[in-house]
Amino acid sequence: MEILLQLVYSGIALGMIYAVIAFGYQLTFQTSDTLNFGQGDALMLGAMVGLTLVNMGLNFWLMLPIVIAFGLVQGAVVERIGVAPAIKIKSEFGWIMSTIALGIIFKNVAENIWGRDDLKFPSPLPESPLKFLGANVLPMEILVVIGAVLMMLAVEFFNRKTIYGKAVVATFNDRDAAKLMGINTGLVITFSYALSSMSAAFAGVLIAPLTLTGATMGSVLGLKAFAVAIIGGLTSGMGIIVGGIILGVAETTTGFYLSTGYKDVPGLVLLLLVLAFKPSGLFGKTAIKKV
Amino acid sequence: MKRKSLVAGVIGIAILAAAPLYTHNPYYIHMIGTIMIYAILLFGLDIVVGYTGQVSLGHAGLFGVGSYTAGVLFLKLGAPLWLIIPASIGVTAGFGALLALPALRVTGPYLAMVTLAFGTIIQILINEMDFLTEGPLGLKIPKPSIAGVQLDENSFYWMVLALMVISLVVVDRILKSQLGRAFEALRGSPVASDCMGVSVYRYKVYAFVISAGFAGLAGCLYSYSEQYISPNTYNFELTVLFLLAVIMGGRKSRIGSLLGAAIIVILPKLLDDLELFRMVASTLAVLMAVGGAIAVSREMTTVRAMALPVVGTIALAGFSFWLQSITDWRLSIFGLMILFVVYYLQDGIVGFVRGLLVRKGSGGGRAIVLASGAHKDAITQAASTHTGEDLLVAKGVLMQFGGLKAINQVDISVKRGTIHGLIGPNGSGKSTMMNVLTGIYVPTTGAIEFAGRSVVGRTSSDIALSGIARTFQNVQLFGEMTALQNVQVGLHHTFHSNIVDIALHSPRHTREEAASVERGLGLIDFVGLADLANEEARNLPYGKQRLLEIARALALDPQLLLLDEPAAGLTAPDIKELITIIRKIRDHGITVILIEHHMDVVMGVCDRLSVLDFGQKIAEGKPADVRADEKVIEAYLGGTAA
């Protein structure tokens with residue numbers, strides 16, 4: 001029982017990371033109907049840059065704002081190079097391929113800069129577990145949950161309460177109408193990519209102390225977070241948190257009871273099943289296509 | 001044209017077949033063999049990517065399934081070649097069907113992610129199921145033996161060549177048959193495909209299954225060729241390489257697939273040579289800068305548009321001199337190539353060359369093969385046995401979108417052999433009614449019977465095949481297909497030949513194909529587009545596109561034809577022509593429901609009219625009576641008609 005509870009705790013922490021990455025998918029999908037297929041690599045870059053800064057002797061907390069700024073820039077670059085030209089020529093194939101290509105380039109560059117081996121990310125909090133409801137929980141796991149929720153709340157607050165956020169929401173509702181109202185929708189889309197990569201980079205430094213850091217850490221995380229985004233629905237805020245936790249717990253328990261080799265399977269199978277039977281997600285609304 | 005490419009093909013095959021005779025270096029033989037194996041997979045991938053227009057990131061996984069089917073069958077059962085090849089194809093095609101299942105409901109980025117998840121699962125399974133696959137250690141498998149004779153490198157090469165040529169011919173035939181047209185139609189307009197009786201679901205599955213079959217064959221040959229397989233081969237990078245090959249070589253082209261295969265096999269080997277790479281990168285930068293300068297000076301493009309590629313290539317050249325070793329940067333180079341292809345070479349090398357040739361050559365269009373003289377009457381006489389009975393009866397139809405009742409308790413009955421007008425102000429629910437009748441929407445409540453059978457709940461393609469054809473308010477043609485091919489998609493139901501018939505070009509298939517060309521041309525002639533039969537639909541003027549939609553709908557041999565604003569965008573003389581066409585259609589016993597805003601058309605041809613307003617039927621009767629109806633006048637002109 002204690003082991004199970006412990007697995008649930010780490011599942012929740014992992015799930016919140018998925019939720020943050022999935023949140024990033026939602027941000028860009030809402031403004032432009034596009035996704036960054038290299039979202040996982042944005043996470044990896046965030047973790048890598050964070051690790052470099054920490055190794056240079058910077059405090060974990062001081063490193064955070066720099067990583068966040070880096071994420072913003074990285075996202076904007078992805079959008080400008082990979083997505084904006086594709087939106088201009090209305091090519092779905094174009095942005096899918098170019099975000100994949102950019103993801104590959106980022107991963108390859110990271111391999112060349114930081115090497116192919118997994119690195120240890122020093123934990124900013126004590127690594128001795130705390131007792132909570134009779135099971136062990138790492139302080140870092142608690143930080144992950146708090147940090148993830150704060151990050152999402154901050155972006156939501158921005159979108160709902162500020163005039164810039166309203167431009168984002170307007171673009172989400174109707175891109176053409178927003179354009180006609182004088183909103184620079186191109187800039188809004190770039191901005192949503194910046195926010196999206198920022199949350200991924202932030203998720204990267206949160207998760208890194210709990211796992212190992214390496215050039216390949218992002219790919220599968222990105223894919224599983226997409227599963228979460230689909231399960232939660234690409235338009236539902238609450239959905240991704242629930243979806244993330246379901247997946248996170250499913251994964252830690254599979255990893256423990258079956259084999260760590262199979263730990264990625266439940267998420268991917270869940271993704272296939274949800275898309276096969278309820279493509280709008282468990283929490284999303286079904287849109288009726290007009291002919 | 002056809003003979004020329006045939007001759008070129010034969011020469012090409014002869015050169016490939018002779019290759020082992022003039023080079024004795026097994027390295028090159030093995031390389032060409034690998035190119036041909038990849039080409040087989042790319043032929044299949046092109047069906048999904050080029051024709052149905054979907055992104056598949058699962059083909060490395062399918063390739064792996066094929067490889068491991070071969071490997072495991074050999075290792076565990078010692079199965080012979082003649083069993084392993086069909087088994088690999090069959091098993092992989094089965095996995096393709098499995099992959100198509102979730103892929104049915106989704107498109108675009110969702111499908112890309114589904115296929116990516118599928119590929120990842122396959123790789124995990126290969127890695128973990130070590131009782132079957134030996135896990136990360138990999139499998140060894142010797143070259144196959146045929147009739148007890150162990151094949152050496154050269155004879156295996158010839159076997160691969162033979163299978164590649166067979167695949168090429170089969171894929172080419174499939175894509176030029178009704179199947180290929182169905183795949184292309186899915187991409188052009190899924191809704192219209194369904195309404196032409198070509199079920200989007202079914203043909204998407206077919207496309208995936210056929211594509212997977214070729215991936216399986218390629219995978220199986222790859223096992224024999226490498227003689228060692230391990231899970232790491234079938235990773236994400238391989239899948240992206242395959243996609244790069246298809247788009248870089250050129251979509252919808254077999255030569256493109258061959259070129260693409262050659263590029264992804266040879267390029268990594270070229271990249272091993274740093275000196276060569278520096279030279280290529282520098283040349284590219286110089287060419288790009290000079291080309292850009294010329295283009296800008298001739299005002300073909302702007303400085304801004306050229307800045308990125310020029311700076312990019314110069315940066316690449318600089319980068320190449322900074323590098324110590326290029327192998328580590330291989331994936332970045334591939335990534336850059338994808339970006340380049342996606343934005344500057346969208347139609348691939350083949351498309352680019354074709355574009356150059358067409359601009360230079362005389363139009364480049366194929367000669368129109370319209371057999372002169374009278375076609376047989378291309379429109380099938382509808383069964384007009386019981387003229388006057390009700391063909392379509394809708395009772396209490398309610399269609400609700402959230403709180404909005406787009407159609408509210410409407411009853412309509414249409415008599416066989418008549419032209420029934422459906423009019424009403426904008427937003428009154430006319431097009432929604434069409435969509436309900438053709439199964440695109442399922443009505444919230446209500447019953448619809450067509451020729452004595454309920455329509456409610458059946459799929460669009462099923463309804464279409466039972467005899468309801470339609471056109472669309474906003475034209476839904478298959479843009480990249482010719483006018484004739486568009487009509488041939490409508491004639492899809494006349495084909496009974498299966499994939500074996502197509503692969504072998506059996507008499508049945510040849511006969512059906514010829515018949516569909518003749519009837520298609522007849523139908524195009526009927527709507528007055530005879531001289532545009534070989535023009536791509538997207539290039540036709542708007543009015544002609546509407547006429548082409550009518551021809552395509554007639555190809556379905558309908559009992560009932562739904563025309564949704566056919567006169568929109570037509571000029572006055574065209575409208576006269578349209579009225580004649582509609583009357584002729586009726587004279588063939590086909591019942592017509594006509595939605596139209598041009599009142600002269602409506603009043604001129606309709607036998608009966610129903611008027612909708614805010615989703616409700618407010619009047620029905622003969623045109624003259626309806627015109628005098630107070631409610632109708634009020635709906636159209638507003639206010640009270642006191």
# chains A, B, ... in the order shown; residues from 1 in each chain; ligands from 1
call {"tool": "select_by_dssp", "arguments": {"residues": "range 408-490 of chain B", "states": "helix (DSSP H, G or I)", "output": "list of chain:residue names"}}
result
B:Lys430, B:Ser431, B:Thr432, B:Met433, B:Met434, B:Asn435, B:Val436, B:Leu437, B:Ser460, B:Ser461, B:Asp462, B:Ile463, B:Ala464, B:Leu465, B:Ala483, B:Leu484, B:Gln485, B:Asn486, B:Val487, B:Gln488, B:Val489, B:Gly490
call {"tool": "residues_around", "arguments": {"residues": "Leu422 in chain B", "least_positions_apart": "3", "cutoff": "9 Å", "atoms": "only C-alpha atoms", "output": "list in words"}}
result
Lys430, Ile593, Leu594, Ile595, Glu596, Val602, Arg608, Leu609, Ser610, Val611 and Leu612 of chain B
call {"tool": "atom_distance", "arguments": {"atom1": "CA of Arg160 in chain A", "atom2": "CA of Ile81 in chain A"}}
result
28.5 Å
call {"tool": "closest_residue", "arguments": {"among": "B:Gln346, B:Ser454, B:Ser253, B:Gln559", "to": "chain A", "atoms": "only C-alpha atoms"}}
result
B:Gln346
call {"tool": "interface_residues", "arguments": {"of": "chain B", "to": "chain A", "cutoff": "6 Å", "atoms": "only C-alpha atoms", "output": "list of chain:residue names"}}
result
B:Pro102, B:Ala117, B:Ser332, B:Gly335, B:Leu339, B:Val342
call {"tool": "residues_around", "arguments": {"residues": "range 189-197 of chain A", "least_positions_apart": "5", "cutoff": "6 Å", "atoms": "only C-alpha atoms", "output": "list in words"}}
result
Gly24, Leu27, Thr28, Thr31, Ala42, Gly71, Leu72, Gly75, Ala76 and Glu79 of chain A
call {"tool": "write_last_selection", "arguments": {"atoms": "C-alpha atoms", "output": "compact mmCIF listing (two decimals), in the first residue's frame"}}
result
# COMPACT_ATOMS: atom_id res chain seq x y z
CA GLY A 24 2.10 24.61 -24.20
CA LEU A 27 -1.45 27.73 -26.22
CA THR A 28 -0.28 27.48 -29.80
CA THR A 31 -4.07 30.86 -31.53
CA ALA A 42 12.20 22.81 -26.14
CA GLY A 71 12.41 29.55 -23.61
CA LEU A 72 10.60 32.66 -24.81
CA GLY A 75 9.77 29.58 -29.06
CA ALA A 76 9.72 32.81 -31.02
CA GLU A 79 7.55 30.18 -34.87
call {"tool": "residues_around", "arguments": {"residues": "range 505-515 of chain B", "least_positions_apart": "6", "cutoff": "9 Å", "atoms": "only C-alpha atoms", "output": "ChimeraX atom specification"}}
result
/B:173,177-178,494-498
call {"tool": "select_by_dssp", "arguments": {"residues": "range 329-558 of chain B", "states": "strand (DSSP E or B)", "output": "JSON, numbers by chain"}}
result
{"B": [390, 391, 392, 393, 394, 395, 396, 397, 398, 399, 400, 401, 404, 405, 406, 407, 408, 409, 410, 411, 412, 413, 414, 415, 419, 420, 421, 422, 423, 445, 446, 447, 448, 449, 450, 453, 454, 468, 469, 470, 482, 536]}
call {"tool": "residues_around", "arguments": {"residues": "Ile590 in chain B", "least_positions_apart": "3", "cutoff": "10 Å", "atoms": "only C-alpha atoms", "output": "PyMOL selection string"}}
result
chain B and resi 379-384+416-419+467+554+557-561+582-587+593
call {"tool": "atom_distance", "arguments": {"atom1": "CA of Gln54 in chain B", "atom2": "CA of Gly108 in chain B"}}
result
6.2 Å
call {"tool": "residues_around", "arguments": {"residues": "Gly429 in chain B", "least_positions_apart": "3", "cutoff": "7 Å", "atoms": "only C-alpha atoms", "output": "number ranges by chain"}}
result
B: 406-407, 432-433, 612, 614-615
call {"tool": "write_last_selection", "arguments": {"atoms": "N, CA and C atoms", "output": "PDB file, in the first residue's frame"}}
result
ATOM      1  N   ALA B 406     -31.774  24.679 -36.808  1.00  0.00           N
ATOM      2  CA  ALA B 406     -31.511  25.064 -38.186  1.00  0.00           C
ATOM      3  C   ALA B 406     -32.635  24.575 -39.093  1.00  0.00           C
ATOM      4  N   ILE B 407     -33.199  23.437 -38.768  1.00  0.00           N
ATOM      5  CA  ILE B 407     -34.403  22.968 -39.457  1.00  0.00           C
ATOM      6  C   ILE B 407     -35.366  22.550 -38.364  1.00  0.00           C
ATOM      7  N   THR B 432     -28.563  23.130 -44.983  1.00  0.00           N
ATOM      8  CA  THR B 432     -28.598  22.160 -43.887  1.00  0.00           C
ATOM      9  C   THR B 432     -29.481  20.981 -44.284  1.00  0.00           C
ATOM     10  N   MET B 433     -30.605  21.282 -44.954  1.00  0.00           N
ATOM     11  CA  MET B 433     -31.505  20.225 -45.414  1.00  0.00           C
ATOM     12  C   MET B 433     -30.759  19.276 -46.358  1.00  0.00           C
ATOM     13  N   LEU B 612     -38.540  27.738 -47.272  1.00  0.00           N
ATOM     14  CA  LEU B 612     -38.104  27.670 -45.879  1.00  0.00           C
ATOM     15  C   LEU B 612     -37.821  29.076 -45.372  1.00  0.00           C
ATOM     16  N   PHE B 614     -36.260  30.613 -41.524  1.00  0.00           N
ATOM     17  CA  PHE B 614     -35.840  30.308 -40.158  1.00  0.00           C
ATOM     18  C   PHE B 614     -36.072  28.847 -39.813  1.00  0.00           C
ATOM     19  N   GLY B 615     -35.756  27.984 -40.740  1.00  0.00           N
ATOM     20  CA  GLY B 615     -35.816  26.557 -40.452  1.00  0.00           C
ATOM     21  C   GLY B 615     -37.199  25.945 -40.553  1.00  0.00           C
TER      22      GLY B 615
END
